[in-house]
Amino acid sequence: MGLLSMLGFGGKSENIKEFMAKGAIIVDVRTPGEFSGGHIKGSKNIPLNILSTKIDEIKKLDKPVIACCASGMRSAQATSILKSNGIDVMNGGGWSSLENKL
């Protein structure tokens, strides 16, 4: 396993495709203002500051989650929060680069 893989950056487009094949939902954790300025079609906007209040709602969807934001920093935090609550999740990074991998 390479260093990038250990840090969660290796083979990301393959993982994204695997998650999408399992019916993953994309959760964009940017603010509503950022989201309205552009986002991945079909993604759900759940800002990071309220994400922990939406855990039950996300669990009810019973689907894997790909978290995204502007650069990958907030989505990394979101990934940690969701994983700690037993949700199958991966950090998709910045939404525009994620969109190019879909």
# chains A, B, ... in the order shown; residues from 1 in each chain; ligands from 1
>>> select_by_dssp(residues="chain A", states="alpha helix (DSSP H)", output="PyMOL selection string")
chain A and resi 3-6+12-21+32-36+48-51+55-61+73-84+95-101
>>> residues_around(residues="stretch 65-78 of chain A", least_positions_apart="5", cutoff="8 Å", atoms="only C-alpha atoms", output="list of chain:residue names")
A:Ile16, A:Phe19, A:Ala24, A:Ile25, A:Ile26, A:Val27, A:Asp28, A:Val29, A:Arg30, A:Leu48, A:Leu51, A:Ile87, A:Asp88, A:Val89, A:Met90, A:Asn91, A:Gly92, A:Gly93, A:Gly94, A:Trp95, A:Ser96, A:Leu98
>>> closest_residue(among="A:Ile50, A:Ile81, A:Ala21, A:Leu102", to="A:Pro64", atoms="only C-alpha atoms")
A:Ala21
>>> closest_residue(among="A:Gly86, A:Gly37, A:Pro32, A:Gly42", to="A:Ile55", atoms="only C-alpha atoms")
A:Gly86
